[in-house]
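Trainee: Input file: model_6.cif. Contents: mmCIF, C-alpha atoms.
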data_work
loop_
_atom_site.label_atom_id
_atom_site.label_comp_id
_atom_site.auth_asym_id
_atom_site.auth_seq_id
_atom_site.Cartn_x
_atom_site.Cartn_y
_atom_site.Cartn_z
CA MET A 11 0.00 0.00 0.00
CA ASN A 12 1.51 3.36 -0.94
CA LYS A 13 1.05 6.73 0.64
CA HIS A 14 -1.44 7.92 -1.99
CA ASP A 15 -3.99 5.28 -0.95
CA PHE A 16 -4.50 7.09 2.38
CA ARG A 17 -5.23 10.50 0.86
CA LYS A 18 -8.86 10.00 -0.19
CA PRO A 19 -10.07 8.61 3.17
CA LEU A 20 -8.16 11.30 5.05
CA ILE A 21 -9.65 14.02 2.88
CA ALA A 22 -13.14 12.62 3.45
CA ILE A 23 -12.64 12.42 7.22
CA GLY A 24 -11.17 15.93 7.34
CA THR A 25 -14.07 17.35 5.34
CA ALA A 26 -16.61 15.62 7.56
CA ALA A 27 -14.90 16.91 10.70
CA ALA A 28 -14.83 20.46 9.33
CA LEU A 29 -18.54 20.31 8.51
CA LEU A 30 -19.40 18.99 11.97
CA LEU A 31 -17.33 21.63 13.71
CA SER A 32 -18.83 24.43 11.63
CA ALA A 33 -22.35 23.25 12.50
CA VAL A 34 -21.79 23.43 16.28
CA PRO A 35 -22.01 27.25 16.59
CA ALA A 36 -25.20 27.25 14.50
CA MET A 37 -26.83 24.98 17.07
CA ALA A 38 -25.92 27.20 20.04
CA GLU A 39 -28.68 28.76 22.08
CA PRO A 40 -29.94 32.03 20.62
CA SER A 41 -30.14 33.51 24.15
CA VAL A 42 -26.35 33.60 24.36
CA SER A 43 -25.31 36.89 22.86
CA THR A 44 -21.93 38.13 21.86
CA PRO A 45 -20.60 41.24 23.54
CA PRO A 46 -21.01 44.51 21.65
CA SER A 47 -18.22 45.43 19.28
CA ASP A 48 -17.13 48.29 21.59
CA GLN A 49 -16.38 45.78 24.34
CA LEU A 50 -14.53 43.51 21.94
CA GLU A 51 -12.41 46.40 20.68
CA ALA A 52 -11.60 47.51 24.22
CA GLN A 53 -10.66 43.98 25.21
CA HIS A 54 -8.49 43.65 22.11
CA GLU A 55 -6.70 46.94 22.86
CA GLN A 56 -6.11 45.84 26.44
CA GLU A 57 -4.64 42.51 25.29
CA ARG A 58 -2.49 44.23 22.68
CA GLY A 59 -1.21 46.62 25.33
CA HIS A 60 -0.45 43.73 27.65
CA TRP A 61 1.50 41.71 25.11
CA GLY A 62 2.90 44.58 23.06
CA ARG A 63 6.33 46.11 23.32
CA ASP A 64 5.30 49.08 25.41
CA HIS A 65 3.36 47.22 28.08
CA HIS A 66 5.84 48.28 30.74
CA ASP A 67 4.86 51.32 32.66
CA GLY A 68 6.56 53.49 35.19
CA LYS A 69 10.24 53.53 35.98
CA ASN A 70 11.39 50.70 33.70
CA SER A 71 9.70 52.23 30.68
CA GLU A 72 11.32 55.60 31.29
CA GLU A 73 14.73 53.97 31.83
CA ARG A 74 14.36 52.00 28.60
CA LYS A 75 13.40 55.12 26.63
CA ALA A 76 16.32 57.06 28.09
CA ARG A 77 18.73 54.23 27.28
CA LYS A 78 17.40 54.02 23.72
CA LEU A 79 17.77 57.78 23.26
CA LYS A 80 21.33 57.61 24.62
CA HIS A 81 22.23 54.90 22.09
CA LEU A 82 20.65 56.89 19.27
CA GLN A 83 22.58 60.00 20.30
CA GLU A 84 25.81 58.01 20.44
CA ALA A 85 25.21 56.65 16.94
CA ALA A 86 24.28 60.13 15.68
CA GLY A 87 27.52 61.52 17.12
CA TYR A 88 29.50 58.81 15.34
CA PHE A 89 27.91 59.82 12.02
CA GLY A 90 28.22 63.57 12.69
CA ILE A 91 24.47 64.13 13.04
CA SER A 92 23.36 66.93 15.34
CA THR A 93 21.02 65.77 18.14
CA GLU A 94 19.89 69.21 19.37
CA GLY A 95 16.12 69.25 19.90
CA LYS A 96 15.48 66.07 17.91
CA SER A 97 13.15 63.27 18.93
CA ALA A 98 14.07 59.60 18.82
CA GLU A 99 11.98 59.17 15.65
CA GLN A 100 13.86 61.98 13.88
CA LEU A 101 17.20 60.51 14.90
CA ILE A 102 16.15 57.08 13.66
CA LYS A 103 15.24 58.52 10.23
CA GLU A 104 18.51 60.38 9.94
CA LEU A 105 20.52 57.34 11.06
CA LYS A 106 18.76 55.16 8.47
CA ALA A 107 19.71 57.67 5.79
CA ALA A 108 23.32 57.72 7.03
CA ARG A 109 23.40 53.91 7.07
CA GLU A 110 22.19 53.76 3.46
CA ALA A 111 24.61 56.50 2.39
CA ASP A 112 27.69 54.82 3.92
CA PRO A 113 27.19 51.09 4.60
CA ALA A 114 30.91 50.53 5.31
CA LYS A 115 30.88 53.14 8.08
CA TRP A 116 27.70 51.55 9.50
CA GLU A 117 29.40 48.14 9.63
CA LYS A 118 32.42 49.69 11.35
CA PHE A 119 30.10 51.34 13.91
CA LYS A 120 28.31 48.03 14.57
CA GLY A 121 31.68 46.31 15.07
CA GLU A 122 32.76 48.93 17.59
CA MET A 123 29.47 48.64 19.50
CA LYS A 124 29.81 44.83 19.60
CA ALA A 125 33.35 45.21 20.94
CA LYS A 126 32.11 47.57 23.68
CA ARG A 127 29.34 45.12 24.60
CA LEU A 128 31.83 42.25 24.77
CA ALA A 129 34.10 44.33 27.03
CA ARG A 130 31.18 45.11 29.39
CA LEU A 131 30.17 41.45 29.48
CA GLN A 132 33.76 40.42 30.19
CA GLU A 133 33.90 42.87 33.10
CA LYS A 134 30.64 41.54 34.55
CA ALA A 135 31.73 37.94 34.04
CA SER A 136 35.09 38.43 35.70
CA ALA A 137 33.37 40.17 38.64
CA LEU A 138 31.22 37.05 39.01
CA GLY A 139 34.23 34.75 38.77
CA ILE A 140 33.55 33.49 35.25
CA LYS A 141 36.48 32.82 32.93
CA THR A 142 36.20 34.97 29.79
CA GLU A 143 38.99 33.75 27.52
CA GLY A 144 37.82 32.60 24.10
CA LYS A 145 34.12 33.10 24.84
CA SER A 146 31.68 34.97 22.64
CA ALA A 147 29.32 37.65 23.91
CA LYS A 148 26.44 35.17 23.70
CA GLN A 149 28.29 32.57 25.76
CA LEU A 150 29.25 35.14 28.39
CA ARG A 151 25.69 36.46 28.61
CA GLU A 152 24.32 32.96 29.10
CA GLU A 153 26.88 32.15 31.82
CA ILE A 154 26.23 35.46 33.58
CA CYS A 155 22.49 34.78 33.55
CA LYS A 156 23.04 31.26 34.88
CA LYS A 157 25.31 32.51 37.62
CA ARG A 158 22.87 35.25 38.63
CA GLY A 159 19.96 32.78 38.51
CA MET A 160 21.79 30.40 40.83
CA LYS A 161 22.59 33.26 43.18
CA ASP A 162 18.94 34.37 43.21
CA GLU A 163 17.79 30.83 43.97
CA GLN A 164 20.20 30.57 46.91
CA ASP A 165 19.01 33.89 48.32
CA LYS A 166 15.38 32.75 48.51
CA PRO A 167 14.41 31.69 52.04
CA ASN A 168 12.75 28.37 51.16
CA ALA A 169 14.94 27.47 48.21
CA GLU A 170 16.56 24.08 48.01
CA PRO A 171 20.34 24.33 48.27
CA GLN A 172 22.16 24.02 44.97
CA PRO A 173 24.41 20.97 44.58
CA GLY A 174 27.93 21.97 45.57
CA ALA A 175 26.76 25.24 47.12
CA LYS A 176 27.96 26.23 50.56
CA ALA A 177 25.34 26.27 53.25
CA LYS A 178 24.69 29.62 54.93
CA THR A 179 25.31 29.61 58.66
#
Would you put the structure from the file into structure tokens?

Mentor:
Amino acid sequence: MNKHDFRKPLIAIGTAAALLLSAVPAMAEPSVSTPPSDQLEAQHEQERGHWGRDHHDGKNSEERKARKLKHLQEAAGYFGISTEGKSAEQLIKELKAAREADPAKWEKFKGEMKAKRLARLQEKASALGIKTEGKSAKQLREEICKKRGMKDEQDKPNAEPQPGAKAKT
């Protein structure tokens, strides 16, 4: 028996299942009503806000915006773009134009930023007692997160002690 012999019965079963499932809502009680479209739109906006990028509010959101603006200003300075009185959106547009105008300079800038990030990660890793030689930024980040996660687990009052961890006295 080859694989084509199974197609027709599977198609028939799939079609029958689809028809049965589509008939179920038609048989629902007419007394059950759907919420008005205003409520659905409000619920959708709330969910989008919850899962969207800008769902953080308060201090963290402001810190993130400030950090983003600082990075944009640093990039603008590298490309000789004035930042006086410009919003983040304006800087982004001008940086995109600069990137398209001089792709080689953009690649050089990205390389320098990656080197700075690696240096910061190496500093953090060495402060945590992690060896840094021959490790990429990704490897260092993962080890730093692991190390911090283990530390956080040990600091919890009811946490199980980690294997090989010293007991607090």

Trainee: Which residues come within 12 Å of A:Gly90, counting only C-alpha atoms, excluding same-chain residues fewer than 2 positions away, as a VMD selection string?

Mentor: chain A and resid 83 to 88 92 to 93 101 104 to 105 108 115

Trainee: For atom CA of A:Lys120 and atom CA of A:Lys103, determine how far apart the two atoms are, in Å to one decimal place.

Mentor: 17.3 Å

Trainee: What does the PyMOL selection byres ((chain A and resi 131-144) around 12) select in this file, as a JSON list (two decimals) with C-alpha atoms, in the frame of the given file?

Mentor:
[["chain", "number", "residue", "atom", "x", "y", "z"],
["A", 124, "LYS", "CA", 29.81, 44.83, 19.60],
["A", 125, "ALA", "CA", 33.35, 45.21, 20.94],
["A", 126, "LYS", "CA", 32.11, 47.57, 23.68],
["A", 127, "ARG", "CA", 29.34, 45.12, 24.60],
["A", 128, "LEU", "CA", 31.83, 42.25, 24.77],
["A", 129, "ALA", "CA", 34.10, 44.33, 27.03],
["A", 130, "ARG", "CA", 31.18, 45.11, 29.39],
["A", 145, "LYS", "CA", 34.12, 33.10, 24.84],
["A", 146, "SER", "CA", 31.68, 34.97, 22.64],
["A", 147, "ALA", "CA", 29.32, 37.65, 23.91],
["A", 148, "LYS", "CA", 26.44, 35.17, 23.70],
["A", 149, "GLN", "CA", 28.29, 32.57, 25.76],
["A", 150, "LEU", "CA", 29.25, 35.14, 28.39],
["A", 151, "ARG", "CA", 25.69, 36.46, 28.61],
["A", 152, "GLU", "CA", 24.32, 32.96, 29.10],
["A", 153, "GLU", "CA", 26.88, 32.15, 31.82],
["A", 154, "ILE", "CA", 26.23, 35.46, 33.58],
["A", 155, "CYS", "CA", 22.49, 34.78, 33.55],
["A", 156, "LYS", "CA", 23.04, 31.26, 34.88],
["A", 157, "LYS", "CA", 25.31, 32.51, 37.62],
["A", 158, "ARG", "CA", 22.87, 35.25, 38.63],
["A", 160, "MET", "CA", 21.79, 30.40, 40.83],
["A", 161, "LYS", "CA", 22.59, 33.26, 43.18]]
